[in-house]
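Novice: Mind having a look at this structure? Questions to follow.
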Amino acid sequence: MSYKIISKFIKDISFEIPNAQTYVMLEKEILNYNLNFDIKSKPYKENIIEISTVLRLAPNQNVKHKMLTEINLTTLVSIEEKSKEELEKIILIKIPTEVYPTLYETFIYLFKQAGIKDINIEKRVDFEKMYNEKKKS
């Protein structure tokens with residue numbers, strides 16, 4: 001099955017450090033945040049799908065001073081032939097793998113511009129592993 005990325009764009013960015021205390025504690029508390037992905041798709045036009053890859057930094061219960069960070073990078077993809085399994089792999093593995101470097105660079109840029117230089121976020125994400133784990137459950 002072949003596909004082609006027609007275009008990609010940032011659909012939405014939320015980056016909120018609500019107060020000075022959250023900013024001061026962020027580098028220490030960042031280890032208590034999890035990197036979450038949400039991937040959604042919907043038809044756009046004939047043989048074109050809109051795929052939204054959302055990267056979210058979510059705090060766990062140990063975080064006292066919470067910040068909100070979320071980026072939605074949307075991709076328009078032209079797809080030929082439609083076997084359900086192949087389509088699923090394109091949407092949940094191939095496209096997120098291709099667009100993640102852009103998400104990562106945008107994420108790091110936002111933190112640097114906010115004055116936070118030592119942010120440690122996974123540079124490589126294995127979307128195929130995530131897909132296989134989700135399929136098992």
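All residue names refer to the structure tokens as shown: chains lettered A, B, ... in order, residues numbered from 1 in each chain, ligands numbered from 1 in order.
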When DSSP works through the backbone of this structure, what residues of chain A end up as helix (DSSP H, G or I), shown as a PyMOL selection string?

Specialist: chain A and resi 20-32+84-113+127-136

Novice: Would you list the contacts of stretch 48-64 of chain A as a VMD selection string, taking every protein, DNA or RNA residue within 6 Å and counting only C-alpha atoms, but skipping same-chain residues closer than 2 positions in sequence?

Specialist: chain A and resid 32 to 46 69 to 78

Novice: Can you list, as a VMD selection string, all residues belonging to chain A that DSSP tags as strand (DSSP E)?

Specialist: chain A and resid 3 to 16 33 to 45 48 to 59 68 to 79

Novice: Now that the selection is made, can you save its residues with N, CA and C atoms as a short mmCIF file (atom, residue, chain, number, x, y, z; two decimals), in the first residue's frame?

Specialist:
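This went into result-v6.cif:
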```cif
data_model
loop_
_atom_site.label_atom_id
_atom_site.label_comp_id
_atom_site.auth_asym_id
_atom_site.auth_seq_id
_atom_site.Cartn_x
_atom_site.Cartn_y
_atom_site.Cartn_z
N TYR A 3 1.43 5.47 0.16
CA TYR A 3 0.86 6.70 0.68
C TYR A 3 1.85 7.83 0.45
N LYS A 4 1.34 9.05 0.51
CA LYS A 4 2.20 10.21 0.33
C LYS A 4 1.70 11.32 1.23
N ILE A 5 2.62 11.91 1.97
CA ILE A 5 2.26 13.06 2.80
C ILE A 5 2.12 14.27 1.88
N ILE A 6 0.93 14.83 1.85
CA ILE A 6 0.66 16.00 1.01
C ILE A 6 1.14 17.26 1.73
N SER A 7 0.77 17.36 3.01
CA SER A 7 1.21 18.49 3.81
C SER A 7 1.05 18.18 5.28
N LYS A 8 1.73 18.96 6.10
CA LYS A 8 1.56 18.84 7.55
C LYS A 8 1.58 20.24 8.13
N PHE A 9 0.82 20.41 9.20
CA PHE A 9 0.73 21.72 9.82
C PHE A 9 0.42 21.56 11.31
N ILE A 10 0.81 22.58 12.07
CA ILE A 10 0.50 22.58 13.50
C ILE A 10 -0.92 23.09 13.63
N LYS A 11 -1.78 22.20 14.10
CA LYS A 11 -3.20 22.53 14.25
C LYS A 11 -3.46 23.26 15.56
N ASP A 12 -2.71 22.86 16.60
CA ASP A 12 -2.94 23.46 17.92
C ASP A 12 -1.70 23.29 18.78
N ILE A 13 -1.39 24.32 19.56
CA ILE A 13 -0.34 24.24 20.57
C ILE A 13 -0.88 24.82 21.85
N SER A 14 -0.70 24.09 22.95
CA SER A 14 -1.00 24.62 24.28
C SER A 14 0.28 24.48 25.09
N PHE A 15 0.75 25.58 25.61
CA PHE A 15 1.97 25.57 26.41
C PHE A 15 1.76 26.56 27.54
N GLU A 16 1.46 26.03 28.72
CA GLU A 16 1.08 26.91 29.82
C GLU A 16 1.87 26.57 31.08
N TYR A 33 6.56 13.54 34.80
CA TYR A 33 5.64 13.73 33.67
C TYR A 33 5.80 12.57 32.71
N ASN A 34 4.74 12.22 32.04
CA ASN A 34 4.78 11.16 31.03
C ASN A 34 4.51 11.76 29.66
N LEU A 35 5.17 11.21 28.66
CA LEU A 35 4.95 11.61 27.29
C LEU A 35 3.82 10.73 26.75
N ASN A 36 2.71 11.34 26.36
CA ASN A 36 1.55 10.61 25.84
C ASN A 36 1.29 11.01 24.40
N PHE A 37 0.80 10.05 23.64
CA PHE A 37 0.44 10.31 22.25
C PHE A 37 -1.01 9.93 22.03
N ASP A 38 -1.67 10.72 21.22
CA ASP A 38 -3.03 10.43 20.82
C ASP A 38 -3.06 10.61 19.31
N ILE A 39 -3.44 9.56 18.60
CA ILE A 39 -3.44 9.62 17.14
C ILE A 39 -4.87 9.39 16.65
N LYS A 40 -5.37 10.34 15.90
CA LYS A 40 -6.73 10.25 15.37
C LYS A 40 -6.70 10.51 13.88
N SER A 41 -7.65 9.89 13.19
CA SER A 41 -7.73 10.12 11.75
C SER A 41 -9.18 10.28 11.34
N LYS A 42 -9.36 11.00 10.24
CA LYS A 42 -10.70 11.12 9.66
C LYS A 42 -10.54 11.41 8.17
N PRO A 43 -11.51 10.99 7.39
CA PRO A 43 -11.44 11.25 5.94
C PRO A 43 -11.46 12.76 5.68
N TYR A 44 -10.69 13.17 4.71
CA TYR A 44 -10.70 14.58 4.32
C TYR A 44 -11.40 14.73 2.96
N LYS A 45 -10.86 14.06 1.95
CA LYS A 45 -11.45 14.00 0.62
C LYS A 45 -11.23 12.59 0.12
N ILE A 48 -7.87 10.85 0.60
CA ILE A 48 -7.03 11.70 1.46
C ILE A 48 -7.55 11.63 2.89
N ILE A 49 -6.63 11.36 3.80
CA ILE A 49 -6.97 11.23 5.22
C ILE A 49 -6.25 12.33 6.00
N GLU A 50 -6.95 12.87 6.99
CA GLU A 50 -6.37 13.84 7.92
C GLU A 50 -5.97 13.05 9.17
N ILE A 51 -4.69 13.07 9.49
CA ILE A 51 -4.19 12.34 10.66
C ILE A 51 -3.62 13.34 11.66
N SER A 52 -4.17 13.34 12.87
CA SER A 52 -3.69 14.23 13.92
C SER A 52 -2.85 13.42 14.91
N THR A 53 -1.61 13.84 15.07
CA THR A 53 -0.72 13.22 16.05
C THR A 53 -0.55 14.24 17.16
N VAL A 54 -1.06 13.91 18.34
CA VAL A 54 -1.02 14.83 19.47
C VAL A 54 0.02 14.32 20.48
N LEU A 55 0.96 15.19 20.80
CA LEU A 55 1.98 14.91 21.81
C LEU A 55 1.60 15.70 23.04
N ARG A 56 1.52 15.01 24.17
CA ARG A 56 1.09 15.65 25.41
C ARG A 56 2.06 15.27 26.53
N LEU A 57 2.46 16.25 27.31
CA LEU A 57 3.27 15.99 28.49
C LEU A 57 2.30 16.02 29.67
N ALA A 58 2.07 14.84 30.25
CA ALA A 58 1.04 14.73 31.30
C ALA A 58 1.69 14.47 32.67
N PRO A 59 1.35 15.27 33.67
CA PRO A 59 1.90 15.06 35.00
C PRO A 59 1.24 13.87 35.69
N LEU A 68 0.79 22.68 31.49
CA LEU A 68 0.06 22.06 30.40
C LEU A 68 0.86 22.23 29.12
N THR A 69 1.15 21.11 28.46
CA THR A 69 1.89 21.16 27.20
C THR A 69 1.30 20.14 26.25
N GLU A 70 0.88 20.62 25.08
CA GLU A 70 0.27 19.73 24.09
C GLU A 70 0.46 20.33 22.70
N ILE A 71 0.86 19.48 21.76
CA ILE A 71 1.01 19.90 20.37
C ILE A 71 0.24 18.93 19.49
N ASN A 72 -0.57 19.47 18.59
CA ASN A 72 -1.30 18.66 17.62
C ASN A 72 -0.73 18.98 16.24
N LEU A 73 -0.01 18.01 15.67
CA LEU A 73 0.52 18.15 14.32
C LEU A 73 -0.37 17.33 13.40
N THR A 74 -1.01 17.99 12.46
CA THR A 74 -1.94 17.32 11.56
C THR A 74 -1.30 17.13 10.20
N THR A 75 -1.52 15.94 9.64
CA THR A 75 -0.92 15.57 8.37
C THR A 75 -2.03 15.18 7.39
N LEU A 76 -1.95 15.70 6.18
CA LEU A 76 -2.86 15.27 5.11
C LEU A 76 -2.11 14.24 4.28
N VAL A 77 -2.72 13.05 4.17
CA VAL A 77 -2.05 11.93 3.53
C VAL A 77 -2.91 11.36 2.41
N SER A 78 -2.29 11.22 1.25
CA SER A 78 -2.95 10.59 0.11
C SER A 78 -2.65 9.10 0.16
N ILE A 79 -3.70 8.28 0.09
CA ILE A 79 -3.52 6.83 0.23
C ILE A 79 -4.19 6.11 -0.92
#
```

Novice: Determine, counting only C-alpha atoms, which protein, DNA and RNA residues have an atom within 8 Å of an atom of stretch 17-24 of chain A; residues of the same chain fewer than 4 positions away are not included. Present the result as a list in words.

Specialist: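 Close residues of stretch 17-24 of chain A: His65, Lys66, Met67 and Leu68 of chain A.
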
Novice: Would you mind telling me which residue in A:Leu110, A:Leu103, A:Met25, A:Ile91 lies nearest to A:Glu122 when using only C-alpha atoms?

Specialist: A:Leu103
